[in-house]
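Trainee: Take a look at the following structure, please.
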Amino acid sequence: MKNFTLLFSLLIVLSSCQNNSDKKNKESINSVVESTFPQKISGSTIYEVNIRQFTPEGTFNAFSKHLPRLKELGVDVLWLMPIHPISKMNRKGTLGSYYAPQDYTAVNPEFGTIDDFKALLKKAHDMGFYLIIDWVPNHTGRDHKWITEHPDYYIHDADGKITYEAMSPTDVWWDTALLDHSNPNTRKAMIEAMRYWVELGIDGFRLDHGCGDKIPLYLWEEARAALDPIKDLFWLAECGHETFILDGSYADELEVIMREVAKGEKKANALSDWIDRDMFKYGRTALRMTYTSNHDLNSWVGTTSERFGDAHKTFATFVFTAYGFPLILGGQEVGLSKRLKFFDKDSIDWTDPSSLQLFYKSLVSLKKENPAIWASNIGGFPISIEDNENVVGFVRKSEGNQVIGIFNFSSENQSVQITNNQIYGAYTEYFTNREYTINNKPLVLEPWQYLVFVK
């Protein structure tokens with residue numbers, strides 16, 4: 001009986017230690033899983049990198065030489081378009097699509113070696129950047145090893161053949177093989193491939209087609225449960241809505257409306273109306289990425305000059321101040337004046353003939369230094385301050401910081417009455433250093449003119 005009592009006591013002690021250990025482990029995991037990225041980058045600018053087109057060499061090492069310039073520009077998050085080997089079967093163009101991956105756990109040999117990538121990642125981290133990589137969960141290339149080793153990972157057509165993605169009758173991705181994420185083994189293999197890069201040290205993923213009709217959101221629930229405990233990660237979805245499962249999403253409808261406003265098809269108040277609807281529907285905590293360009297828009301729709309003409313600076317300033325967190329496409333800051341080829345080599349011209357780098361540097365600094373215009377509910381609520389349907393005027397306040405933006409989104413002079421007398425006073429315009437007085441007298445704006453006041 002004495003020995004049993006001793007053994008029982010020992011078991012209680014061990015059980016107590018185990019429970020405490022489990023509790024500590026759970027607490028530790030919970031503290032890691034809770035993402036801080038929405039807070040860390042709410043005042044940041046994301047910079048999209050196309051390794052193939054960024055330099056004549058098209059390599060990790062060549063891009064690495066641009067990091068000091070990008071640090072000077074002020075961007076914080078580097079998003080690398082897909083860096084994986086590209087499938088050769090059904091390849092489009094001479095070099096193929098970045099979005100037809102042949103191997104999820106290797107790098108495109110045209111870009112360099114895995115050691116080259118590790119060196120780039122280390123240098124970026126040492127300089128204070130976050131680095132996220134593009135991830136293609138919807139499909140692989142046609143010669144990915146899973147096709148022969150695990151055909152059950154894929155969706156098959158009526159004839160039993162692995163099918164491909166087709167967005168429309170004219171937009172057919174016949175170089176891809178469509179994955180079946182209703183199969184738990186597919187999801188497990190995908191998450192394990194992602195784990196490789198997380199353990200390598202990347203800071204997150206931009207999820208291509210991340211919320212398409214073939215991508216169940218429980219894939220990301222499982223991925224976050226598996227990967228977030230390893231490291232605080234940023235999850236950016238190519239979706240037009242906030243999923244609440246991921247950290248950030250695209251404000252793609254806003255860009256469409258901006259184009260319509262630029263063409264005179266809609267009035268300026270359509271922009272502020274969209275922001276109101278978006279906040280109403282998804283809440284203030286939704287982390288929305290805003291932009292005037294990205295790789296798809298540039299290649300398939302047009303350059304910023306093609307889409308916005310003389311107003312491209314006006315719309316860029318609006319994107320940086322009105323709502324969300326902004327994206328700069330690599331090359332946009334030097335006035336990228338051509339549609340980059342998607343499947344062939346087409347290097348960016350970095351000569352900056354219009355001297356736009358200083359303008360974008362000013363925008364990045366404006367965002368970073370003023371919490372009032374930060375993303376999510378950290379930034380101030382945009383409150384309308386004018387009465388002209390061709391003008392967007394707002395004030396945003398947060399943490400003792402105030403930013404006023406007034407934009408003429410028309411090709412004609414506009415007279416605008418400032419209706420909010422709480423902001424009346426003397427101001428210095430951010431970009432021009434000109435003195436202005438805001439009062440009950442009409443303010444006249446030239447075509448596409450924009451004014452930003454910081455207080």
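Quick note on naming: the chains in the structure tokens go A, B, ... in the order shown, residues restart at 1 in each chain, and ligands are numbered from 1 in order of appearance.
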Which residues, written as a list in words, have at least one atom at most 8 Å from A:Lys361, with only C-alpha atoms counted and residues fewer than 2 positions away on the same chain left out?

Mentor: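 My list of contacting residues is Glu72, Leu73, Gly74, Gln357, Leu358, Phe359, Leu363, Val364 and Ser365 of chain A.
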
Trainee: Those same residues, written as a PDB file, in the first residue's frame with C-alpha atoms?

Mentor:
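Output saved as again.pdb:
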ATOM      1  CA  GLU A  72      16.268  54.656 -49.913  1.00  0.00           C
ATOM      2  CA  LEU A  73      12.854  54.572 -51.603  1.00  0.00           C
ATOM      3  CA  GLY A  74      11.448  53.514 -48.230  1.00  0.00           C
ATOM      4  CA  GLN A 357      11.535  58.236 -57.965  1.00  0.00           C
ATOM      5  CA  LEU A 358      11.476  61.362 -55.807  1.00  0.00           C
ATOM      6  CA  PHE A 359       7.688  61.531 -56.141  1.00  0.00           C
ATOM      7  CA  LEU A 363       4.538  59.122 -51.116  1.00  0.00           C
ATOM      8  CA  VAL A 364       6.185  56.284 -49.194  1.00  0.00           C
ATOM      9  CA  SER A 365       7.440  58.730 -46.555  1.00  0.00           C
TER      10      SER A 365
END

Trainee: Within 10 Å of stretch 368-371 of chain A, counting only C-alpha atoms, which residues qualify if same-chain residues fewer than 5 places away don't, as a ChimeraX atom specification?

Mentor: /A:41-45,74-76,320-321,362-363,378-380,396-403,454-455

Trainee: Taking 3 positions as the minimum chain separation for residues in the same chain, which residues sit within 10 Å of A:Gly335 when counting only C-alpha atoms? Answer as a PyMOL selection string.

Mentor: chain A and resi 303-305+312+330-332+338+349-357

Trainee: Work out how far apart atom CA of A:Leu236 and atom CA of A:Met289 are and give it in Å to one decimal.

Mentor: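 Interatomic distance here is 8.7 Å.
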
Trainee: Please report the interatomic distance between atom CA of A:Gly204 and atom CA of A:Trp235 in Å with one decimal.

Mentor: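 Result for atom CA of A:Gly204 versus atom CA of A:Trp235: 5.7 Å, one decimal.
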
Trainee: Could you state the separation of atom CA of A:Glu48 and atom CA of A:Phe63 in Å, given to one decimal place?

Mentor: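 Atom CA of A:Glu48 sits 12.1 Å away from atom CA of A:Phe63.
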
Trainee: Based on DSSP run over this structure's backbone, return all residues of stretch 15-232 of chain A in alpha helix (DSSP H), as an mmCIF file with N, CA and C atoms, in the first residue's frame.

Mentor:
data_model
loop_
_atom_site.group_PDB
_atom_site.id
_atom_site.type_symbol
_atom_site.label_atom_id
_atom_site.label_comp_id
_atom_site.auth_asym_id
_atom_site.auth_seq_id
_atom_site.Cartn_x
_atom_site.Cartn_y
_atom_site.Cartn_z
ATOM 1 N N SER A 15 2.008 14.129 -13.830
ATOM 2 C CA SER A 15 0.858 14.635 -14.565
ATOM 3 C C SER A 15 0.777 16.144 -14.467
ATOM 4 N N SER A 16 1.039 16.656 -13.259
ATOM 5 C CA SER A 16 1.008 18.098 -13.051
ATOM 6 C C SER A 16 2.065 18.782 -13.902
ATOM 7 N N CYS A 17 3.275 18.181 -13.915
ATOM 8 C CA CYS A 17 4.359 18.748 -14.746
ATOM 9 C C CYS A 17 3.985 18.723 -16.218
ATOM 10 N N GLN A 18 3.371 17.589 -16.630
ATOM 11 C CA GLN A 18 2.983 17.461 -18.032
ATOM 12 C C GLN A 18 1.920 18.492 -18.393
ATOM 13 N N ASN A 19 0.923 18.660 -17.457
ATOM 14 C CA ASN A 19 -0.135 19.639 -17.719
ATOM 15 C C ASN A 19 0.422 21.042 -17.817
ATOM 16 N N ASN A 20 1.363 21.353 -16.904
ATOM 17 C CA ASN A 20 1.990 22.675 -16.955
ATOM 18 C C ASN A 20 2.777 22.855 -18.240
ATOM 19 N N SER A 21 3.474 21.750 -18.632
ATOM 20 C CA SER A 21 4.242 21.812 -19.874
ATOM 21 C C SER A 21 3.324 22.021 -21.066
ATOM 22 N N ASP A 22 2.196 21.251 -21.105
ATOM 23 C CA ASP A 22 1.237 21.401 -22.199
ATOM 24 C C ASP A 22 0.671 22.803 -22.229
ATOM 25 N N LYS A 23 0.360 23.313 -21.017
ATOM 26 C CA LYS A 23 -0.199 24.660 -20.933
ATOM 27 C C LYS A 23 0.785 25.687 -21.480
ATOM 28 N N LYS A 24 2.068 25.533 -21.087
ATOM 29 C CA LYS A 24 3.087 26.463 -21.577
ATOM 30 C C LYS A 24 3.251 26.358 -23.081
ATOM 31 N N ASN A 25 3.213 25.096 -23.590
ATOM 32 C CA ASN A 25 3.340 24.903 -25.026
ATOM 33 C C ASN A 25 2.187 25.558 -25.772
ATOM 34 N N LYS A 26 0.965 25.367 -25.235
ATOM 35 C CA LYS A 26 -0.200 25.968 -25.870
ATOM 36 C C LYS A 26 -0.116 27.483 -25.845
ATOM 37 N N GLU A 27 0.309 28.015 -24.670
ATOM 38 C CA GLU A 27 0.461 29.459 -24.562
ATOM 39 C C GLU A 27 1.505 29.963 -25.539
ATOM 40 N N SER A 28 2.610 29.204 -25.663
ATOM 41 C CA SER A 28 3.676 29.593 -26.583
ATOM 42 C C SER A 28 3.185 29.596 -28.011
ATOM 43 N N ILE A 29 2.438 28.508 -28.390
ATOM 44 C CA ILE A 29 1.928 28.415 -29.750
ATOM 45 C C ILE A 29 0.943 29.537 -30.025
ATOM 46 N N ASN A 30 0.050 29.782 -29.037
ATOM 47 C CA ASN A 30 -0.936 30.845 -29.229
ATOM 48 C C ASN A 30 -0.278 32.198 -29.419
ATOM 49 N N SER A 31 0.816 32.433 -28.671
ATOM 50 C CA SER A 31 1.486 33.722 -28.787
ATOM 51 C C SER A 31 2.161 33.869 -30.136
ATOM 52 N N VAL A 32 2.595 32.747 -30.729
ATOM 53 C CA VAL A 32 3.236 32.801 -32.036
ATOM 54 C C VAL A 32 2.201 32.906 -33.145
ATOM 55 N N VAL A 33 1.085 32.146 -32.987
ATOM 56 C CA VAL A 33 0.069 32.090 -34.031
ATOM 57 C C VAL A 33 -0.584 33.444 -34.231
ATOM 58 N N PHE A 37 1.463 40.968 -38.188
ATOM 59 C CA PHE A 37 1.772 41.652 -39.434
ATOM 60 C C PHE A 37 0.803 42.779 -39.779
ATOM 61 N N PRO A 38 -0.492 42.613 -39.577
ATOM 62 C CA PRO A 38 -1.370 43.747 -39.887
ATOM 63 C C PRO A 38 -0.950 45.019 -39.161
ATOM 64 N N GLN A 39 -0.445 44.862 -37.914
ATOM 65 C CA GLN A 39 0.018 46.029 -37.175
ATOM 66 C C GLN A 39 1.387 46.487 -37.668
ATOM 67 N N LYS A 40 2.260 45.527 -37.959
ATOM 68 C CA LYS A 40 3.639 45.871 -38.333
ATOM 69 C C LYS A 40 3.713 46.612 -39.657
ATOM 70 N N ILE A 51 11.744 39.139 -60.886
ATOM 71 C CA ILE A 51 13.174 38.842 -61.005
ATOM 72 C C ILE A 51 13.599 38.756 -62.471
ATOM 73 N N ARG A 52 12.803 38.112 -63.303
ATOM 74 C CA ARG A 52 13.164 37.927 -64.711
ATOM 75 C C ARG A 52 13.389 39.260 -65.421
ATOM 76 N N GLN A 53 12.511 40.228 -65.174
ATOM 77 C CA GLN A 53 12.553 41.481 -65.933
ATOM 78 C C GLN A 53 13.258 42.608 -65.188
ATOM 79 N N PHE A 54 13.620 42.397 -63.926
ATOM 80 C CA PHE A 54 14.140 43.493 -63.106
ATOM 81 C C PHE A 54 15.490 43.988 -63.606
ATOM 82 N N PHE A 60 18.764 36.547 -58.996
ATOM 83 C CA PHE A 60 18.695 37.000 -57.611
ATOM 84 C C PHE A 60 19.853 37.937 -57.288
ATOM 85 N N ASN A 61 21.050 37.566 -57.731
ATOM 86 C CA ASN A 61 22.234 38.361 -57.409
ATOM 87 C C ASN A 61 22.171 39.753 -58.028
ATOM 88 N N ALA A 62 21.657 39.835 -59.256
ATOM 89 C CA ALA A 62 21.554 41.136 -59.912
ATOM 90 C C ALA A 62 20.507 42.001 -59.221
ATOM 91 N N PHE A 63 19.390 41.389 -58.837
ATOM 92 C CA PHE A 63 18.365 42.162 -58.117
ATOM 93 C C PHE A 63 18.892 42.637 -56.775
ATOM 94 N N SER A 64 19.697 41.830 -56.119
ATOM 95 C CA SER A 64 20.220 42.171 -54.805
ATOM 96 C C SER A 64 20.921 43.528 -54.801
ATOM 97 N N LEU A 67 18.815 46.583 -53.730
ATOM 98 C CA LEU A 67 18.274 46.722 -52.385
ATOM 99 C C LEU A 67 18.610 48.062 -51.724
ATOM 100 N N PRO A 68 19.828 48.581 -51.852
ATOM 101 C CA PRO A 68 20.090 49.897 -51.251
ATOM 102 C C PRO A 68 19.189 50.990 -51.822
ATOM 103 N N ARG A 69 18.930 50.940 -53.129
ATOM 104 C CA ARG A 69 18.041 51.944 -53.740
ATOM 105 C C ARG A 69 16.622 51.799 -53.203
ATOM 106 N N LEU A 70 16.160 50.559 -53.044
ATOM 107 C CA LEU A 70 14.814 50.336 -52.538
ATOM 108 C C LEU A 70 14.711 50.728 -51.068
ATOM 109 N N LYS A 71 15.790 50.553 -50.324
ATOM 110 C CA LYS A 71 15.820 51.020 -48.940
ATOM 111 C C LYS A 71 15.686 52.535 -48.901
ATOM 112 N N GLU A 72 16.362 53.197 -49.806
ATOM 113 C CA GLU A 72 16.268 54.656 -49.913
ATOM 114 C C GLU A 72 14.861 55.077 -50.326
ATOM 115 N N LEU A 73 14.235 54.294 -51.192
ATOM 116 C CA LEU A 73 12.854 54.572 -51.603
ATOM 117 C C LEU A 73 11.912 54.482 -50.411
ATOM 118 N N ILE A 114 19.660 27.986 -55.086
ATOM 119 C CA ILE A 114 19.012 28.164 -53.791
ATOM 120 C C ILE A 114 19.919 28.937 -52.841
ATOM 121 N N ASP A 115 21.223 28.772 -52.983
ATOM 122 C CA ASP A 115 22.153 29.542 -52.150
ATOM 123 C C ASP A 115 22.105 31.023 -52.510
ATOM 124 N N ASP A 116 21.916 31.319 -53.792
ATOM 125 C CA ASP A 116 21.759 32.719 -54.205
ATOM 126 C C ASP A 116 20.508 33.319 -53.565
ATOM 127 N N PHE A 117 19.438 32.532 -53.541
ATOM 128 C CA PHE A 117 18.207 33.024 -52.920
ATOM 129 C C PHE A 117 18.410 33.242 -51.420
ATOM 130 N N LYS A 118 19.079 32.299 -50.765
ATOM 131 C CA LYS A 118 19.333 32.447 -49.329
ATOM 132 C C LYS A 118 20.150 33.705 -49.043
ATOM 133 N N ALA A 119 21.118 33.989 -49.912
ATOM 134 C CA ALA A 119 21.945 35.182 -49.733
ATOM 135 C C ALA A 119 21.100 36.445 -49.900
ATOM 136 N N LEU A 120 20.181 36.437 -50.877
ATOM 137 C CA LEU A 120 19.283 37.575 -51.076
ATOM 138 C C LEU A 120 18.381 37.757 -49.866
ATOM 139 N N LEU A 121 17.837 36.662 -49.362
ATOM 140 C CA LEU A 121 16.957 36.724 -48.202
ATOM 141 C C LEU A 121 17.690 37.289 -46.988
ATOM 142 N N LYS A 122 18.914 36.829 -46.765
ATOM 143 C CA LYS A 122 19.684 37.315 -45.622
ATOM 144 C C LYS A 122 19.992 38.804 -45.756
ATOM 145 N N LYS A 123 20.394 39.214 -46.954
ATOM 146 C CA LYS A 123 20.707 40.628 -47.169
ATOM 147 C C LYS A 123 19.471 41.492 -46.961
ATOM 148 N N ALA A 124 18.328 41.024 -47.478
ATOM 149 C CA ALA A 124 17.083 41.771 -47.309
ATOM 150 C C ALA A 124 16.732 41.904 -45.838
ATOM 151 N N HIS A 125 16.843 40.815 -45.087
ATOM 152 C CA HIS A 125 16.549 40.855 -43.660
ATOM 153 C C HIS A 125 17.531 41.762 -42.916
ATOM 154 N N ASP A 126 18.799 41.663 -43.262
ATOM 155 C CA ASP A 126 19.809 42.506 -42.606
ATOM 156 C C ASP A 126 19.543 43.987 -42.839
ATOM 157 N N TRP A 146 4.077 15.592 -59.282
ATOM 158 C CA TRP A 146 2.846 15.082 -58.702
ATOM 159 C C TRP A 146 1.928 14.449 -59.755
ATOM 160 N N ILE A 147 2.029 14.912 -61.004
ATOM 161 C CA ILE A 147 1.124 14.412 -62.042
ATOM 162 C C ILE A 147 1.297 12.912 -62.247
ATOM 163 N N THR A 148 2.546 12.444 -62.180
ATOM 164 C CA THR A 148 2.786 11.003 -62.348
ATOM 165 C C THR A 148 2.776 10.274 -61.013
ATOM 166 N N GLU A 149 3.263 10.941 -59.963
ATOM 167 C CA GLU A 149 3.367 10.267 -58.670
ATOM 168 C C GLU A 149 2.057 10.286 -57.884
ATOM 169 N N PRO A 184 -7.611 15.770 -48.967
ATOM 170 C CA PRO A 184 -6.747 16.193 -47.853
ATOM 171 C C PRO A 184 -5.269 15.923 -48.104
ATOM 172 N N ASN A 185 -4.961 14.923 -48.920
ATOM 173 C CA ASN A 185 -3.563 14.650 -49.231
ATOM 174 C C ASN A 185 -2.945 15.745 -50.093
ATOM 175 N N THR A 186 -3.752 16.344 -50.961
ATOM 176 C CA THR A 186 -3.271 17.479 -51.761
ATOM 177 C C THR A 186 -2.916 18.638 -50.853
ATOM 178 N N ARG A 187 -3.802 18.923 -49.924
ATOM 179 C CA ARG A 187 -3.569 20.036 -49.008
ATOM 180 C C ARG A 187 -2.332 19.776 -48.147
ATOM 181 N N LYS A 188 -2.187 18.546 -47.682
ATOM 182 C CA LYS A 188 -1.029 18.214 -46.854
ATOM 183 C C LYS A 188 0.271 18.399 -47.623
ATOM 184 N N ALA A 189 0.297 17.944 -48.881
ATOM 185 C CA ALA A 189 1.502 18.087 -49.697
ATOM 186 C C ALA A 189 1.802 19.559 -49.973
ATOM 187 N N MET A 190 0.751 20.339 -50.217
ATOM 188 C CA MET A 190 0.932 21.769 -50.469
ATOM 189 C C MET A 190 1.513 22.458 -49.243
ATOM 190 N N ILE A 191 0.974 22.159 -48.092
ATOM 191 C CA ILE A 191 1.435 22.802 -46.860
ATOM 192 C C ILE A 191 2.867 22.401 -46.541
ATOM 193 N N GLU A 192 3.219 21.158 -46.804
ATOM 194 C CA GLU A 192 4.596 20.728 -46.562
ATOM 195 C C GLU A 192 5.566 21.448 -47.488
ATOM 196 N N ALA A 193 5.150 21.706 -48.735
ATOM 197 C CA ALA A 193 6.000 22.461 -49.650
ATOM 198 C C ALA A 193 6.175 23.891 -49.154
ATOM 199 N N MET A 194 5.114 24.467 -48.624
ATOM 200 C CA MET A 194 5.195 25.832 -48.081
ATOM 201 C C MET A 194 6.096 25.867 -46.851
ATOM 202 N N ARG A 195 6.047 24.799 -46.058
ATOM 203 C CA ARG A 195 6.874 24.720 -44.855
ATOM 204 C C ARG A 195 8.359 24.873 -45.193
ATOM 205 N N TYR A 196 8.759 24.312 -46.319
ATOM 206 C CA TYR A 196 10.165 24.389 -46.728
ATOM 207 C C TYR A 196 10.636 25.839 -46.753
ATOM 208 N N TRP A 197 9.817 26.724 -47.312
ATOM 209 C CA TRP A 197 10.220 28.128 -47.460
ATOM 210 C C TRP A 197 10.112 28.884 -46.148
ATOM 211 N N VAL A 198 9.123 28.526 -45.324
ATOM 212 C CA VAL A 198 8.999 29.164 -44.011
ATOM 213 C C VAL A 198 10.219 28.837 -43.161
ATOM 214 N N GLU A 199 10.630 27.571 -43.174
ATOM 215 C CA GLU A 199 11.804 27.191 -42.394
ATOM 216 C C GLU A 199 13.080 27.782 -42.967
ATOM 217 N N LEU A 200 13.038 28.151 -44.248
ATOM 218 C CA LEU A 200 14.174 28.836 -44.860
ATOM 219 C C LEU A 200 14.266 30.280 -44.379
ATOM 220 N N LEU A 217 -11.344 27.681 -48.404
ATOM 221 C CA LEU A 217 -10.694 28.484 -47.374
ATOM 222 C C LEU A 217 -10.142 27.627 -46.240
ATOM 223 N N TYR A 218 -10.647 26.397 -46.103
ATOM 224 C CA TYR A 218 -10.070 25.548 -45.057
ATOM 225 C C TYR A 218 -8.644 25.128 -45.388
ATOM 226 N N LEU A 219 -8.213 25.282 -46.643
ATOM 227 C CA LEU A 219 -6.788 25.069 -46.957
ATOM 228 C C LEU A 219 -5.946 26.045 -46.158
ATOM 229 N N TRP A 220 -6.379 27.312 -46.099
ATOM 230 C CA TRP A 220 -5.583 28.331 -45.401
ATOM 231 C C TRP A 220 -5.737 28.212 -43.885
ATOM 232 N N GLU A 221 -6.880 27.725 -43.431
ATOM 233 C CA GLU A 221 -6.991 27.448 -41.997
ATOM 234 C C GLU A 221 -5.971 26.392 -41.589
ATOM 235 N N GLU A 222 -5.864 25.345 -42.387
ATOM 236 C CA GLU A 222 -4.909 24.274 -42.086
ATOM 237 C C GLU A 222 -3.472 24.758 -42.251
ATOM 238 N N ALA A 223 -3.222 25.560 -43.288
ATOM 239 C CA ALA A 223 -1.870 26.061 -43.528
ATOM 240 C C ALA A 223 -1.413 26.967 -42.392
ATOM 241 N N ARG A 224 -2.297 27.832 -41.942
ATOM 242 C CA ARG A 224 -1.916 28.747 -40.865
ATOM 243 C C ARG A 224 -1.698 27.988 -39.556
ATOM 244 N N ALA A 225 -2.538 26.986 -39.301
ATOM 245 C CA ALA A 225 -2.363 26.190 -38.089
ATOM 246 C C ALA A 225 -1.026 25.464 -38.089
ATOM 247 N N ALA A 226 -0.570 25.058 -39.279
ATOM 248 C CA ALA A 226 0.689 24.314 -39.386
ATOM 249 C C ALA A 226 1.905 25.226 -39.426
ATOM 250 N N LEU A 227 1.787 26.392 -40.039
ATOM 251 C CA LEU A 227 2.972 27.208 -40.340
ATOM 252 C C LEU A 227 3.142 28.427 -39.450
#

Trainee: Name the residues in contact with A:Thr285 at a cut-off of 12 Å, using only C-alpha atoms, excluding same-chain residues fewer than 6 positions from it; report them as a list in words.

Mentor: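 Listing them by chain and then by number gives Pro38, Gln39, Ser42, Glu242, Thr243, Phe244, Leu246, Asp247, Gly248, Ser249, Asp278, Met279, Tyr323, Gly324, Trp374, Ala375, Ser376, Asn377, Ile378, Gly379, Gly380 and Phe381 of chain A.
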
Trainee: Check the DSSP output for the backbone and give back, as an NGL selection string, the residues of stretch 226-316 of chain A in strand (DSSP E or B).

Mentor: :A and (234-237 or 248-250 or 287-290)

Trainee: Please dump the current selection as a PDB file, in the first residue's frame; keep N, CA and C atoms.

Mentor:
ATOM      1  N   PHE A 234       3.077  36.810 -42.979  1.00  0.00           N
ATOM      2  CA  PHE A 234       2.094  37.679 -43.626  1.00  0.00           C
ATOM      3  C   PHE A 234       1.440  36.897 -44.757  1.00  0.00           C
ATOM      4  N   TRP A 235       0.105  36.861 -44.766  1.00  0.00           N
ATOM      5  CA  TRP A 235      -0.666  36.117 -45.758  1.00  0.00           C
ATOM      6  C   TRP A 235      -1.490  37.110 -46.568  1.00  0.00           C
ATOM      7  N   LEU A 236      -1.111  37.285 -47.840  1.00  0.00           N
ATOM      8  CA  LEU A 236      -1.792  38.235 -48.731  1.00  0.00           C
ATOM      9  C   LEU A 236      -2.497  37.461 -49.834  1.00  0.00           C
ATOM     10  N   ALA A 237      -3.809  37.611 -49.926  1.00  0.00           N
ATOM     11  CA  ALA A 237      -4.595  36.841 -50.882  1.00  0.00           C
ATOM     12  C   ALA A 237      -4.957  37.678 -52.095  1.00  0.00           C
ATOM     13  N   GLY A 248      -4.367  39.958 -45.550  1.00  0.00           N
ATOM     14  CA  GLY A 248      -4.638  41.045 -46.481  1.00  0.00           C
ATOM     15  C   GLY A 248      -5.278  40.554 -47.761  1.00  0.00           C
ATOM     16  N   SER A 249      -5.910  41.474 -48.475  1.00  0.00           N
ATOM     17  CA  SER A 249      -6.572  41.117 -49.725  1.00  0.00           C
ATOM     18  C   SER A 249      -6.518  42.294 -50.691  1.00  0.00           C
ATOM     19  N   TYR A 250      -6.844  42.023 -51.935  1.00  0.00           N
ATOM     20  CA  TYR A 250      -6.775  43.021 -53.005  1.00  0.00           C
ATOM     21  C   TYR A 250      -8.009  43.938 -52.998  1.00  0.00           C
ATOM     22  N   LEU A 287      -7.593  44.495 -44.035  1.00  0.00           N
ATOM     23  CA  LEU A 287      -6.329  45.036 -44.539  1.00  0.00           C
ATOM     24  C   LEU A 287      -6.344  44.916 -46.061  1.00  0.00           C
ATOM     25  N   ARG A 288      -6.578  46.026 -46.747  1.00  0.00           N
ATOM     26  CA  ARG A 288      -6.815  46.033 -48.181  1.00  0.00           C
ATOM     27  C   ARG A 288      -5.624  46.637 -48.930  1.00  0.00           C
ATOM     28  N   MET A 289      -5.147  45.935 -49.935  1.00  0.00           N
ATOM     29  CA  MET A 289      -4.019  46.423 -50.729  1.00  0.00           C
ATOM     30  C   MET A 289      -4.550  47.229 -51.911  1.00  0.00           C
ATOM     31  N   THR A 290      -4.102  48.491 -52.000  1.00  0.00           N
ATOM     32  CA  THR A 290      -4.529  49.394 -53.067  1.00  0.00           C
ATOM     33  C   THR A 290      -3.363  49.663 -54.006  1.00  0.00           C
TER      34      THR A 290
END

Trainee: Quick one: of A:Gly240, A:Pro137, A:Pro229, A:Gly96, who's nearest to A:Lys214, counting only C-alpha atoms?

Mentor: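 That would be A:Pro137, the residue with the smallest distance to A:Lys214.
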
Trainee: Excluding same-chain residues fewer than 2 positions from stretch 339-345 of chain A, what lies within 8 Å of it counting only C-alpha atoms, as a list in words?

Mentor: Arg52, Gln53, Lys92, Gly93, Thr94, Leu95, Gly96, Ser97, Asn298, Ser299, Trp300, Gly302, Thr303, Ser337, Ser347 and Ile348 of chain A

Trainee: Based on the selection just made, write C-alpha atoms of those residues as a PDB file, in the first residue's frame.

Mentor:
ATOM      1  CA  ARG A  52      13.164  37.927 -64.711  1.00  0.00           C
ATOM      2  CA  GLN A  53      12.553  41.481 -65.933  1.00  0.00           C
ATOM      3  CA  LYS A  92       3.773  29.732 -73.254  1.00  0.00           C
ATOM      4  CA  GLY A  93       6.266  31.953 -75.063  1.00  0.00           C
ATOM      5  CA  THR A  94       9.987  31.249 -74.941  1.00  0.00           C
ATOM      6  CA  LEU A  95      10.388  31.286 -71.150  1.00  0.00           C
ATOM      7  CA  GLY A  96       6.921  30.281 -69.944  1.00  0.00           C
ATOM      8  CA  SER A  97       4.628  31.550 -67.239  1.00  0.00           C
ATOM      9  CA  ASN A 298       0.797  46.253 -66.673  1.00  0.00           C
ATOM     10  CA  SER A 299       1.063  43.306 -69.057  1.00  0.00           C
ATOM     11  CA  TRP A 300      -2.567  42.763 -69.996  1.00  0.00           C
ATOM     12  CA  GLY A 302      -1.803  48.833 -69.833  1.00  0.00           C
ATOM     13  CA  THR A 303       0.790  50.990 -68.140  1.00  0.00           C
ATOM     14  CA  SER A 337       6.417  53.056 -69.995  1.00  0.00           C
ATOM     15  CA  SER A 347      14.049  44.119 -69.055  1.00  0.00           C
ATOM     16  CA  ILE A 348      12.911  47.215 -67.191  1.00  0.00           C
TER      17      ILE A 348
END

Trainee: Write out as a list in words which residues come within 6 Å of A:Leu327 when counting only C-alpha atoms, dropping same-chain ones fewer than 2 positions away.

Mentor: Thr45, Ile46, Tyr47 and Tyr291 of chain A

Trainee: Find the spatial neighbours of A:Asn408, counting only C-alpha atoms, within a cut-off of 9 Å - ignore same-chain residues fewer than 6 positions away - and output them as an mmCIF file with C-alpha atoms, in the first residue's frame.

Mentor:
data_model
loop_
_atom_site.group_PDB
_atom_site.id
_atom_site.type_symbol
_atom_site.label_atom_id
_atom_site.label_comp_id
_atom_site.auth_asym_id
_atom_site.auth_seq_id
_atom_site.Cartn_x
_atom_site.Cartn_y
_atom_site.Cartn_z
ATOM 1 C CA ALA A 268 -15.124 61.164 -58.421
ATOM 2 C CA THR A 314 -3.264 62.062 -58.738
ATOM 3 C CA ASN A 390 -15.888 65.689 -59.274
ATOM 4 C CA VAL A 391 -13.735 66.106 -56.179
ATOM 5 C CA VAL A 392 -12.791 63.748 -53.373
ATOM 6 C CA GLY A 393 -11.905 65.518 -50.149
ATOM 7 C CA GLN A 414 -13.253 72.639 -60.144
ATOM 8 C CA LEU A 445 -8.448 73.207 -58.202
ATOM 9 C CA GLU A 446 -6.806 72.870 -61.591
ATOM 10 C CA PRO A 447 -7.395 69.739 -63.732
ATOM 11 C CA TRP A 448 -6.242 66.618 -61.855
ATOM 12 C CA GLN A 449 -4.738 68.750 -59.090
ATOM 13 C CA TYR A 450 -4.290 67.179 -55.667
ATOM 14 C CA LEU A 451 -3.545 68.766 -52.309
#
